[in-house]
Amino acid sequence: MKTFASSITKVFYGTLIHSVSLKQIEYIKQGLLFIDNQGKIARLVKNVAQDKVESTLEGVESDKVIRLNEDQFVIPGFIDTHIHAPQYTFCGNGHDLPLLEWLDTYTFPRESKFADRDYARKLYTKSVARSLRNGTTSACWFATIHLDACKELVDIIQEQGQRAYVGKVNMNQNSPDFLVETTESSVKDTRAFIEYVKGVNSKLNHNPLITPIITPRFAISCTSELLAELGKLAQEYDLPIQSHLCENLNEIGFTMSLFPDSANYTSVYADHGLLNDRTIMAHCVHMKEEELDLMKQKNAGISHCANSNFNLKSGMADVRKMLSKDIKVGLGTDVAGGYSPSILEALRASRSCSVARNVDTTLLVAELFYLATVGGARVMELDDIIGNFEVGKEFDAILVNTAVDNSPVDVFDHDTIETKFEKYLFVGDDRNNEKIFVQGKEVRLPGSNVVSHK
Ligand SMILES: O=c1[nH]c(=O)c2nc[nH]c2[nH]1
């Protein structure tokens, strides 16, 4: 007979920190967190004194218990709701130009290289490794238009063990000759990609951690006909959707000249069946009141990418207003508009953005941590599966150590677990991410030199 103890693969004993609401972080001291063989949180017991651990384990062997010291704590994994895998190749470069010029000058030429599948494998191995290393256990990836390279990205994510939405990008207009598709090939390749990820003709055998996501680059690069076809595909396969929205004023002006029949930029997507509760729109910096209201009405989510919005001089999104309208918001690194693949950096930029907008409505630490975890899960419509340590959810987590060798965080005698956690959020980096777990399994933490590519 199967007992509770026999289904448990690991138990954490120590401090567990997670977000229980937009305004509240819960610090669980002397917690016992039981993970089962499905990668789920089977039980959570709080305030277990040292001498009560053995009896509370209920027969789970003690070699399955990971005992945290006073500099360690476990938090939910970060959720990156917007990141471009091919753009990691120029992460940190090219911040001199605004969006449309930046796309033409740096982004499109780099993305065109992904026509070569071998190149894609080498480069994508690095992009995914870097994202995971920084504690991103779930990511919404943009790839490129190239079907074979998109499949490579999926295979690499599968090999490295991240949870992900992966999008084959669609572009059939206003794009350079070396990075453009026809409507027919765009739809055909998108369908082939979906079938591949869903396990048809692939070695994935339908990995439930990886989902294809419909990815029109933005309205500028897709004809009305293509947008409508993509809307139909999303419906046919019941898939999430991601794109860019209201990032830059020139982008908005150009979009409205291309789609004069739509009431506004947000409506362009709605008018083509691309705005619903599974839609993730990156940026949303310059939204009219009625556009935010439409996002709320459709229950679509926003990926706030403050680092990118500063770098590309796009503007500063009003996250406080989004939250006050109860719109779903998560954080995005937006590599390589954003210069960092770390959600910690996205969190810090989000704070700076909120301060610069209005000192009276600054985002609080609890709110920032919520956006990086539960908020992202809500945007992905996965909040019944991930985001915090509620019993029954899957265990995606980071074991943080604020006192590792070479730690960027200095810990002093006066520090408490609360101040150590806040220091990690604002001073820490991937060196503090001692172990990373997705669906209960520890993922291999590849170093920065997984591949060398000249
Ligand atoms: O930040 C951005 N990065 C991109 O690659 C992109 N494409 C369209 N709009 C975009 N914005």
# chains A, B, ... in the order shown; residues from 1 in each chain; ligands from 1
>>> closest_atom_pairs(of="chain A", to="ligand 1", cutoff="10 Å", atoms="only C-alpha atoms and all ligand atoms", output="CSV")
residue,atom,partner,partner_atom_place_in_ligand_line,distance
A:His82,CA,ligand 1,1 (O),9.3
A:Ile83,CA,ligand 1,3 (N),8.7
A:His84,CA,ligand 1,5 (O),6.8
A:Ala85,CA,ligand 1,5 (O),10.0
A:Pro86,CA,ligand 1,5 (O),9.4
A:Gln87,CA,ligand 1,5 (O),7.7
A:Pro98,CA,ligand 1,1 (O),9.6
A:Leu99,CA,ligand 1,11 (N),6.4
A:Leu100,CA,ligand 1,9 (N),7.7
A:Trp102,CA,ligand 1,3 (N),8.6
A:Leu103,CA,ligand 1,5 (O),6.5
A:Asp104,CA,ligand 1,7 (N),9.9
A:Tyr106,CA,ligand 1,5 (O),9.9
A:Thr107,CA,ligand 1,5 (O),6.7
A:Phe108,CA,ligand 1,5 (O),8.3
A:Glu111,CA,ligand 1,5 (O),9.3
A:Phe142,CA,ligand 1,5 (O),8.3
A:Ala143,CA,ligand 1,5 (O),9.7
A:Thr144,CA,ligand 1,5 (O),9.5
A:Val169,CA,ligand 1,7 (N),9.6
A:Met171,CA,ligand 1,7 (N),9.9
A:Pro216,CA,ligand 1,8 (C),9.0
A:Arg217,CA,ligand 1,8 (C),5.4
A:Phe218,CA,ligand 1,8 (C),5.3
A:Ala219,CA,ligand 1,8 (C),8.5
A:Ile220,CA,ligand 1,8 (C),8.0
A:Ser221,CA,ligand 1,8 (C),7.9
A:Ser243,CA,ligand 1,8 (C),7.8
A:His244,CA,ligand 1,9 (N),5.4
A:Leu245,CA,ligand 1,9 (N),7.8
A:Cys246,CA,ligand 1,9 (N),9.2
A:Glu247,CA,ligand 1,11 (N),6.9
A:Asn248,CA,ligand 1,11 (N),8.6
A:Glu251,CA,ligand 1,9 (N),8.2
A:Ala282,CA,ligand 1,11 (N),7.9
A:His283,CA,ligand 1,1 (O),7.8
A:Cys305,CA,ligand 1,1 (O),8.4
A:Ser308,CA,ligand 1,1 (O),6.5
A:Asn309,CA,ligand 1,1 (O),7.8
A:Asn311,CA,ligand 1,1 (O),9.7
A:Leu312,CA,ligand 1,1 (O),7.8
A:Ser314,CA,ligand 1,1 (O),9.0
A:Thr333,CA,ligand 1,1 (O),9.8
A:Asp334,CA,ligand 1,1 (O),6.3
A:Val335,CA,ligand 1,3 (N),7.9
A:Ala336,CA,ligand 1,3 (N),7.2
A:Gly337,CA,ligand 1,1 (O),5.0
A:Gly338,CA,ligand 1,1 (O),7.8
>>> closest_atom_pairs(of="region 64-111 of chain A", to="region 407-429 of chain A", cutoff="12 Å", atoms="only C-alpha atoms", output="JSON lines")
{"residue": "A:Asn69", "atom": "CA", "partner": "A:Ile417", "partner_atom": "CA", "distance": 10.8}
{"residue": "A:Glu70", "atom": "CA", "partner": "A:Ile417", "partner_atom": "CA", "distance": 7.5}
{"residue": "A:Asp71", "atom": "CA", "partner": "A:Ile417", "partner_atom": "CA", "distance": 7.5}
{"residue": "A:Gln72", "atom": "CA", "partner": "A:Ile417", "partner_atom": "CA", "distance": 8.6}
{"residue": "A:Phe73", "atom": "CA", "partner": "A:Phe421", "partner_atom": "CA", "distance": 8.2}
{"residue": "A:Val74", "atom": "CA", "partner": "A:Phe421", "partner_atom": "CA", "distance": 10.0}
{"residue": "A:Ile75", "atom": "CA", "partner": "A:Phe421", "partner_atom": "CA", "distance": 9.5}
{"residue": "A:Phe78", "atom": "CA", "partner": "A:Leu425", "partner_atom": "CA", "distance": 11.5}
>>> select_by_dssp(residues="region 164-384 of chain A", states="helix (DSSP H, G or I)", output="count of residues only")
104
>>> atom_distance(atom1="CA of Tyr237 (chain A)", atom2="CA of Asp261 (chain A)")
27.8 Å
>>> residues_around(residues="Asp63 (chain A)", least_positions_apart="2", cutoff="12 Å", atoms="only C-alpha atoms", output="PyMOL selection string")
chain A and resi 8-12+54+57+59-61+65-67
>>> atom_distance(atom1="CA of Leu364 (chain A)", atom2="CA of Val319 (chain A)")
11.8 Å
>>> residues_around(residues="Gly376 (chain A)", least_positions_apart="4", cutoff="7 Å", atoms="only C-alpha atoms", output="number ranges by chain")
A: 79-81, 329-331, 371-372, 380
>>> closest_residue(among="A:Leu292, A:Leu44, A:Ile157, A:Val187", to="Tyr13 (chain A)", atoms="only C-alpha atoms")
A:Leu44
>>> select_by_dssp(residues="region 31-141 of chain A", states="strand (DSSP E or B)", output="MDAnalysis selection string")
chainID A and resid 31:36 40:45 65:67 72:76 78:84 136:141
>>> residues_around(residues="Gly14 (chain A)", least_positions_apart="2", cutoff="6 Å", atoms="only C-alpha atoms", output="list in words")
Gln30, Gly31 and Leu68 of chain A
>>> decode(residues="region 171-183 of chain A", atoms="C-alpha atoms", output="CSV table (one decimal), in the first residue's frame")
chain,number,residue,atom,x,y,z
A,171,MET,CA,6.3,38.7,-39.7
A,172,ASN,CA,4.9,39.2,-43.2
A,173,GLN,CA,5.2,42.9,-43.7
A,174,ASN,CA,7.3,46.0,-42.9
A,175,SER,CA,10.2,43.6,-42.3
A,176,PRO,CA,13.6,43.4,-44.1
A,177,ASP,CA,14.0,41.0,-47.1
A,178,PHE,CA,16.2,38.8,-45.0
A,179,LEU,CA,13.6,38.4,-42.2
A,180,VAL,CA,10.2,38.0,-43.7
A,181,GLU,CA,7.6,35.3,-44.5
A,182,THR,CA,4.6,35.0,-46.8
A,183,THR,CA,1.2,34.8,-45.2
